[in-house]
Amino acid sequence: MPGGDWKTIQVKEYMKEKLEALYKQHEHEMLDKDIRSFTGFMQYFLETSVEAQEFILKAADYLEAHRKELEKEGVHSLNDLLFKWMKDDMKDRMEGSV
């Protein structure tokens with residue numbers, strides 16, 4: 001039984017197997033983040049997944065609010081918007097490092 005702030009959740013067996021395989025595949029990277037167990041990996045995985053989902057929802061709201069001006073830039077979908085932001089970020093990083 002978990003204690004403190006920890007709670008038990010249930011997943012289907014096939015999903016647990018996929019997650020365990022993912023953990024094993026990235027175990028060395030997790031050690032670099034001081035994650036030393038499958039439970040710690042699951043906490044990290046869930047936190048980063050929720051952060052990513054929140055970002056995507058904000059991006060979708062931004063796309064809807066700025067649709068007309070973004071379409072003039074060739075942005076017609078959420079994927080277009082995310083790709084544009086990544087390109088702009090990389091361009092800014094490369095210009096800043098030169």
# chains A, B, ... in the order shown; residues from 1 in each chain; ligands from 1
call {"tool": "residues_around", "arguments": {"residues": "Phe41 in chain A", "least_positions_apart": "3", "cutoff": "10 Å", "atoms": "only C-alpha atoms", "output": "NGL selection string"}}
result
:A and (19-20 or 22-24 or 26-27 or 30-31 or 33-38 or 44-47)
call {"tool": "closest_atom_pairs", "arguments": {"of": "range 2-57 of chain A", "to": "range 65-88 of chain A", "cutoff": "12 Å", "atoms": "only C-alpha atoms", "output": "JSON lines"}}
result
{"residue": "A:Ala52", "atom": "CA", "partner": "A:Leu82", "partner_atom": "CA", "distance": 11.9}
{"residue": "A:Phe55", "atom": "CA", "partner": "A:Leu82", "partner_atom": "CA", "distance": 10.2}
{"residue": "A:Ile56", "atom": "CA", "partner": "A:Leu78", "partner_atom": "CA", "distance": 8.3}
{"residue": "A:Leu57", "atom": "CA", "partner": "A:Leu78", "partner_atom": "CA", "distance": 9.7}
call {"tool": "write_last_selection", "arguments": {"atoms": "N, CA and C atoms", "output": "CSV table (one decimal), in the first residue's frame"}}
result
chain,number,residue,atom,x,y,z
A,52,ALA,N,2.6,18.3,-21.3
A,52,ALA,CA,2.5,18.4,-22.7
A,52,ALA,C,1.1,18.6,-23.2
A,55,PHE,N,0.1,22.1,-22.6
A,55,PHE,CA,0.6,23.0,-23.6
A,55,PHE,C,-0.1,22.9,-24.9
A,56,ILE,N,-0.5,21.7,-25.3
A,56,ILE,CA,-1.2,21.5,-26.6
A,56,ILE,C,-2.6,22.2,-26.5
A,57,LEU,N,-3.3,22.1,-25.4
A,57,LEU,CA,-4.6,22.8,-25.2
A,57,LEU,C,-4.4,24.3,-25.3
call {"tool": "closest_residue", "arguments": {"among": "A:Met94, A:Thr8, A:Gly3, A:Asp61", "to": "Met42 in chain A", "atoms": "only C-alpha atoms"}}
result
A:Thr8
call {"tool": "select_by_dssp", "arguments": {"residues": "chain A", "states": "helix (DSSP H, G or I)", "output": "mmCIF file with N, CA and C atoms, in the first residue's frame"}}
result
data_model
loop_
_atom_site.group_PDB
_atom_site.id
_atom_site.type_symbol
_atom_site.label_atom_id
_atom_site.label_comp_id
_atom_site.auth_asym_id
_atom_site.auth_seq_id
_atom_site.Cartn_x
_atom_site.Cartn_y
_atom_site.Cartn_z
ATOM 1 N N GLU A 13 -2.902 -4.673 -18.317
ATOM 2 C CA GLU A 13 -1.621 -5.386 -18.357
ATOM 3 C C GLU A 13 -0.776 -5.005 -19.570
ATOM 4 N N TYR A 14 -1.409 -4.910 -20.746
ATOM 5 C CA TYR A 14 -0.636 -4.582 -21.943
ATOM 6 C C TYR A 14 0.014 -3.202 -21.829
ATOM 7 N N MET A 15 -0.681 -2.267 -21.184
ATOM 8 C CA MET A 15 -0.127 -0.918 -21.017
ATOM 9 C C MET A 15 1.029 -0.940 -20.027
ATOM 10 N N LYS A 16 0.901 -1.697 -18.959
ATOM 11 C CA LYS A 16 1.985 -1.827 -17.983
ATOM 12 C C LYS A 16 3.224 -2.402 -18.661
ATOM 13 N N GLU A 17 3.025 -3.393 -19.523
ATOM 14 C CA GLU A 17 4.152 -3.990 -20.236
ATOM 15 C C GLU A 17 4.822 -2.982 -21.163
ATOM 16 N N LYS A 18 4.019 -2.167 -21.855
ATOM 17 C CA LYS A 18 4.586 -1.129 -22.728
ATOM 18 C C LYS A 18 5.373 -0.101 -21.916
ATOM 19 N N LEU A 19 4.813 0.294 -20.784
ATOM 20 C CA LEU A 19 5.480 1.288 -19.949
ATOM 21 C C LEU A 19 6.769 0.732 -19.338
ATOM 22 N N GLU A 20 6.741 -0.520 -18.933
ATOM 23 C CA GLU A 20 7.958 -1.134 -18.400
ATOM 24 C C GLU A 20 9.034 -1.217 -19.474
ATOM 25 N N ALA A 21 8.644 -1.550 -20.701
ATOM 26 C CA ALA A 21 9.605 -1.602 -21.804
ATOM 27 C C ALA A 21 10.183 -0.213 -22.077
ATOM 28 N N LEU A 22 9.336 0.793 -22.019
ATOM 29 C CA LEU A 22 9.792 2.172 -22.212
ATOM 30 C C LEU A 22 10.778 2.570 -21.116
ATOM 31 N N TYR A 23 10.461 2.188 -19.890
ATOM 32 C CA TYR A 23 11.361 2.473 -18.766
ATOM 33 C C TYR A 23 12.707 1.786 -18.978
ATOM 34 N N LYS A 24 12.698 0.525 -19.332
ATOM 35 C CA LYS A 24 13.950 -0.211 -19.541
ATOM 36 C C LYS A 24 14.756 0.391 -20.682
ATOM 37 N N GLN A 25 14.070 0.838 -21.716
ATOM 38 C CA GLN A 25 14.733 1.444 -22.870
ATOM 39 C C GLN A 25 15.437 2.746 -22.471
ATOM 40 N N GLU A 27 16.274 3.626 -19.186
ATOM 41 C CA GLU A 27 16.708 3.522 -17.799
ATOM 42 C C GLU A 27 17.945 4.378 -17.503
ATOM 43 N N HIS A 28 18.924 4.395 -18.399
ATOM 44 C CA HIS A 28 20.135 5.184 -18.157
ATOM 45 C C HIS A 28 19.829 6.683 -18.137
ATOM 46 N N GLU A 29 18.940 7.121 -19.025
ATOM 47 C CA GLU A 29 18.524 8.523 -19.020
ATOM 48 C C GLU A 29 17.802 8.872 -17.720
ATOM 49 N N MET A 30 17.015 7.934 -17.229
ATOM 50 C CA MET A 30 16.285 8.176 -15.992
ATOM 51 C C MET A 30 17.250 8.288 -14.809
ATOM 52 N N LEU A 31 18.288 7.494 -14.815
ATOM 53 C CA LEU A 31 19.287 7.583 -13.738
ATOM 54 C C LEU A 31 19.924 8.968 -13.724
ATOM 55 N N ASP A 32 20.138 9.543 -14.911
ATOM 56 C CA ASP A 32 20.684 10.902 -14.989
ATOM 57 C C ASP A 32 19.741 11.922 -14.364
ATOM 58 N N PHE A 38 10.773 2.076 -11.348
ATOM 59 C CA PHE A 38 9.655 2.153 -12.279
ATOM 60 C C PHE A 38 8.594 3.117 -11.749
ATOM 61 N N THR A 39 8.367 3.114 -10.450
ATOM 62 C CA THR A 39 7.400 4.044 -9.850
ATOM 63 C C THR A 39 7.821 5.490 -10.079
ATOM 64 N N GLY A 40 9.099 5.781 -9.879
ATOM 65 C CA GLY A 40 9.609 7.126 -10.141
ATOM 66 C C GLY A 40 9.472 7.499 -11.602
ATOM 67 N N PHE A 41 9.729 6.521 -12.482
ATOM 68 C CA PHE A 41 9.566 6.745 -13.911
ATOM 69 C C PHE A 41 8.115 7.078 -14.235
ATOM 70 N N MET A 42 7.190 6.339 -13.648
ATOM 71 C CA MET A 42 5.775 6.590 -13.908
ATOM 72 C C MET A 42 5.369 7.991 -13.448
ATOM 73 N N GLN A 43 5.875 8.428 -12.306
ATOM 74 C CA GLN A 43 5.587 9.785 -11.830
ATOM 75 C C GLN A 43 6.106 10.809 -12.838
ATOM 76 N N TYR A 44 7.348 10.625 -13.276
ATOM 77 C CA TYR A 44 7.957 11.523 -14.265
ATOM 78 C C TYR A 44 7.164 11.493 -15.574
ATOM 79 N N PHE A 45 6.834 10.289 -16.038
ATOM 80 C CA PHE A 45 6.098 10.119 -17.283
ATOM 81 C C PHE A 45 4.743 10.831 -17.212
ATOM 82 N N LEU A 46 4.017 10.640 -16.126
ATOM 83 C CA LEU A 46 2.705 11.276 -15.985
ATOM 84 C C LEU A 46 2.827 12.798 -15.897
ATOM 85 N N GLU A 47 3.810 13.285 -15.143
ATOM 86 C CA GLU A 47 4.001 14.733 -15.033
ATOM 87 C C GLU A 47 4.295 15.356 -16.391
ATOM 88 N N THR A 48 5.228 14.765 -17.141
ATOM 89 C CA THR A 48 5.587 15.340 -18.438
ATOM 90 C C THR A 48 4.451 15.183 -19.444
ATOM 91 N N SER A 49 3.696 14.108 -19.358
ATOM 92 C CA SER A 49 2.550 13.921 -20.248
ATOM 93 C C SER A 49 1.465 14.960 -19.985
ATOM 94 N N VAL A 50 1.199 15.234 -18.724
ATOM 95 C CA VAL A 50 0.195 16.245 -18.370
ATOM 96 C C VAL A 50 0.669 17.630 -18.815
ATOM 97 N N GLU A 51 1.938 17.941 -18.598
ATOM 98 C CA GLU A 51 2.478 19.236 -19.044
ATOM 99 C C GLU A 51 2.343 19.390 -20.552
ATOM 100 N N ALA A 52 2.649 18.330 -21.297
ATOM 101 C CA ALA A 52 2.538 18.372 -22.750
ATOM 102 C C ALA A 52 1.088 18.576 -23.176
ATOM 103 N N GLN A 53 0.180 17.875 -22.531
ATOM 104 C CA GLN A 53 -1.247 18.015 -22.866
ATOM 105 C C GLN A 53 -1.727 19.435 -22.571
ATOM 106 N N GLU A 54 -1.317 19.999 -21.445
ATOM 107 C CA GLU A 54 -1.707 21.374 -21.116
ATOM 108 C C GLU A 54 -1.171 22.352 -22.162
ATOM 109 N N PHE A 55 0.067 22.132 -22.602
ATOM 110 C CA PHE A 55 0.650 23.002 -23.626
ATOM 111 C C PHE A 55 -0.131 22.899 -24.937
ATOM 112 N N ILE A 56 -0.480 21.698 -25.333
ATOM 113 C CA ILE A 56 -1.229 21.498 -26.577
ATOM 114 C C ILE A 56 -2.591 22.183 -26.502
ATOM 115 N N LEU A 57 -3.251 22.094 -25.359
ATOM 116 C CA LEU A 57 -4.551 22.754 -25.206
ATOM 117 C C LEU A 57 -4.414 24.275 -25.294
ATOM 118 N N LYS A 58 -3.354 24.823 -24.696
ATOM 119 C CA LYS A 58 -3.118 26.276 -24.792
ATOM 120 C C LYS A 58 -2.810 26.673 -26.234
ATOM 121 N N ALA A 59 -2.032 25.846 -26.924
ATOM 122 C CA ALA A 59 -1.712 26.131 -28.321
ATOM 123 C C ALA A 59 -2.974 26.105 -29.176
ATOM 124 N N ALA A 60 -3.870 25.163 -28.910
ATOM 125 C CA ALA A 60 -5.130 25.091 -29.658
ATOM 126 C C ALA A 60 -5.974 26.343 -29.414
ATOM 127 N N ASP A 61 -6.005 26.819 -28.173
ATOM 128 C CA ASP A 61 -6.728 28.058 -27.864
ATOM 129 C C ASP A 61 -6.103 29.246 -28.595
ATOM 130 N N TYR A 62 -4.767 29.283 -28.620
ATOM 131 C CA TYR A 62 -4.053 30.362 -29.318
ATOM 132 C C TYR A 62 -4.368 30.320 -30.803
ATOM 133 N N LEU A 63 -4.354 29.134 -31.390
ATOM 134 C CA LEU A 63 -4.653 28.980 -32.808
ATOM 135 C C LEU A 63 -6.053 29.505 -33.112
ATOM 136 N N GLU A 64 -7.000 29.154 -32.281
ATOM 137 C CA GLU A 64 -8.380 29.593 -32.495
ATOM 138 C C GLU A 64 -8.499 31.112 -32.379
ATOM 139 N N ALA A 65 -7.824 31.692 -31.396
ATOM 140 C CA ALA A 65 -7.914 33.129 -31.163
ATOM 141 C C ALA A 65 -7.206 33.950 -32.248
ATOM 142 N N ARG A 67 -6.533 32.762 -35.539
ATOM 143 C CA ARG A 67 -6.641 31.987 -36.774
ATOM 144 C C ARG A 67 -6.417 32.821 -38.036
ATOM 145 N N LYS A 68 -7.056 33.982 -38.146
ATOM 146 C CA LYS A 68 -6.971 34.769 -39.382
ATOM 147 C C LYS A 68 -5.535 35.215 -39.666
ATOM 148 N N GLU A 69 -4.842 35.737 -38.676
ATOM 149 C CA GLU A 69 -3.468 36.198 -38.911
ATOM 150 C C GLU A 69 -2.510 35.022 -39.139
ATOM 151 N N LEU A 70 -2.759 33.895 -38.469
ATOM 152 C CA LEU A 70 -1.902 32.727 -38.659
ATOM 153 C C LEU A 70 -2.083 32.112 -40.044
ATOM 154 N N GLU A 71 -3.311 32.131 -40.557
ATOM 155 C CA GLU A 71 -3.546 31.586 -41.892
ATOM 156 C C GLU A 71 -2.771 32.362 -42.946
ATOM 157 N N LYS A 72 -2.579 33.659 -42.722
ATOM 158 C CA LYS A 72 -1.775 34.471 -43.649
ATOM 159 C C LYS A 72 -0.317 34.003 -43.661
ATOM 160 N N LEU A 78 -3.170 22.809 -35.908
ATOM 161 C CA LEU A 78 -2.366 22.781 -34.685
ATOM 162 C C LEU A 78 -0.958 22.276 -34.991
ATOM 163 N N ASN A 79 -0.842 21.268 -35.838
ATOM 164 C CA ASN A 79 0.488 20.774 -36.219
ATOM 165 C C ASN A 79 1.308 21.861 -36.900
ATOM 166 N N ASP A 80 0.668 22.626 -37.800
ATOM 167 C CA ASP A 80 1.372 23.734 -38.455
ATOM 168 C C ASP A 80 1.884 24.731 -37.431
ATOM 169 N N LEU A 81 1.042 25.051 -36.439
ATOM 170 C CA LEU A 81 1.415 26.023 -35.423
ATOM 171 C C LEU A 81 2.591 25.519 -34.588
ATOM 172 N N LEU A 82 2.529 24.277 -34.144
ATOM 173 C CA LEU A 82 3.619 23.722 -33.340
ATOM 174 C C LEU A 82 4.909 23.662 -34.149
ATOM 175 N N PHE A 83 4.817 23.284 -35.416
ATOM 176 C CA PHE A 83 5.996 23.236 -36.272
ATOM 177 C C PHE A 83 6.572 24.637 -36.462
ATOM 178 N N LYS A 84 5.709 25.629 -36.663
ATOM 179 C CA LYS A 84 6.165 27.014 -36.815
ATOM 180 C C LYS A 84 6.897 27.467 -35.560
ATOM 181 N N TRP A 85 6.338 27.196 -34.393
ATOM 182 C CA TRP A 85 6.986 27.589 -33.145
ATOM 183 C C TRP A 85 8.346 26.911 -32.987
ATOM 184 N N MET A 86 8.418 25.630 -33.356
ATOM 185 C CA MET A 86 9.699 24.925 -33.254
ATOM 186 C C MET A 86 10.714 25.544 -34.200
ATOM 187 N N LYS A 87 10.305 25.844 -35.428
ATOM 188 C CA LYS A 87 11.221 26.466 -36.386
ATOM 189 C C LYS A 87 11.671 27.833 -35.891
ATOM 190 N N ASP A 88 10.726 28.635 -35.400
ATOM 191 C CA ASP A 88 11.065 29.961 -34.887
ATOM 192 C C ASP A 88 12.021 29.860 -33.706
ATOM 193 N N ASP A 89 11.774 28.902 -32.820
ATOM 194 C CA ASP A 89 12.634 28.719 -31.656
ATOM 195 C C ASP A 89 14.043 28.313 -32.084
ATOM 196 N N MET A 90 14.131 27.377 -33.023
ATOM 197 C CA MET A 90 15.447 26.946 -33.503
ATOM 198 C C MET A 90 16.180 28.091 -34.188
ATOM 199 N N LYS A 91 15.461 28.870 -34.980
ATOM 200 C CA LYS A 91 16.069 30.026 -35.653
ATOM 201 C C LYS A 91 16.608 31.009 -34.623
ATOM 202 N N ASP A 92 15.791 31.301 -33.602
ATOM 203 C CA ASP A 92 16.229 32.217 -32.535
ATOM 204 C C ASP A 92 17.460 31.677 -31.820
ATOM 205 N N ARG A 93 17.462 30.385 -31.528
ATOM 206 C CA ARG A 93 18.605 29.769 -30.839
ATOM 207 C C ARG A 93 19.874 29.830 -31.692
ATOM 208 N N MET A 94 19.723 29.557 -32.997
ATOM 209 C CA MET A 94 20.871 29.560 -33.870
ATOM 210 C C MET A 94 21.407 30.972 -34.067
ATOM 211 N N GLU A 95 20.528 31.948 -34.179
ATOM 212 C CA GLU A 95 20.969 33.334 -34.319
ATOM 213 C C GLU A 95 21.621 33.828 -33.043
ATOM 214 N N GLY A 96 21.129 33.346 -31.904
ATOM 215 C CA GLY A 96 21.691 33.760 -30.625
ATOM 216 C C GLY A 96 23.047 33.139 -30.344
ATOM 217 N N SER A 97 23.348 32.016 -30.983
ATOM 218 C CA SER A 97 24.612 31.340 -30.704
ATOM 219 C C SER A 97 25.717 31.728 -31.673
#
call {"tool": "decode", "arguments": {"residues": "range 46-60 of chain A", "atoms": "N, CA and C atoms", "output": "compact mmCIF listing (two decimals), in the first residue's frame"}}
result
# COMPACT_ATOMS: atom_id res chain seq x y z
N LEU A 46 4.02 10.64 -16.13
CA LEU A 46 2.70 11.28 -15.99
C LEU A 46 2.83 12.80 -15.90
N GLU A 47 3.81 13.28 -15.14
CA GLU A 47 4.00 14.73 -15.03
C GLU A 47 4.30 15.36 -16.39
N THR A 48 5.23 14.76 -17.14
CA THR A 48 5.59 15.34 -18.44
C THR A 48 4.45 15.18 -19.44
N SER A 49 3.70 14.11 -19.36
CA SER A 49 2.55 13.92 -20.25
C SER A 49 1.46 14.96 -19.98
N VAL A 50 1.20 15.23 -18.72
CA VAL A 50 0.20 16.25 -18.37
C VAL A 50 0.67 17.63 -18.81
N GLU A 51 1.94 17.94 -18.60
CA GLU A 51 2.48 19.24 -19.04
C GLU A 51 2.34 19.39 -20.55
N ALA A 52 2.65 18.33 -21.30
CA ALA A 52 2.54 18.37 -22.75
C ALA A 52 1.09 18.58 -23.18
N GLN A 53 0.18 17.87 -22.53
CA GLN A 53 -1.25 18.02 -22.87
C GLN A 53 -1.73 19.44 -22.57
N GLU A 54 -1.32 20.00 -21.44
CA GLU A 54 -1.71 21.37 -21.12
C GLU A 54 -1.17 22.35 -22.16
N PHE A 55 0.07 22.13 -22.60
CA PHE A 55 0.65 23.00 -23.63
C PHE A 55 -0.13 22.90 -24.94
N ILE A 56 -0.48 21.70 -25.33
CA ILE A 56 -1.23 21.50 -26.58
C ILE A 56 -2.59 22.18 -26.50
N LEU A 57 -3.25 22.09 -25.36
CA LEU A 57 -4.55 22.75 -25.21
C LEU A 57 -4.41 24.28 -25.29
N LYS A 58 -3.35 24.82 -24.70
CA LYS A 58 -3.12 26.28 -24.79
C LYS A 58 -2.81 26.67 -26.23
N ALA A 59 -2.03 25.85 -26.92
CA ALA A 59 -1.71 26.13 -28.32
C ALA A 59 -2.97 26.10 -29.18
N ALA A 60 -3.87 25.16 -28.91
CA ALA A 60 -5.13 25.09 -29.66
C ALA A 60 -5.97 26.34 -29.41
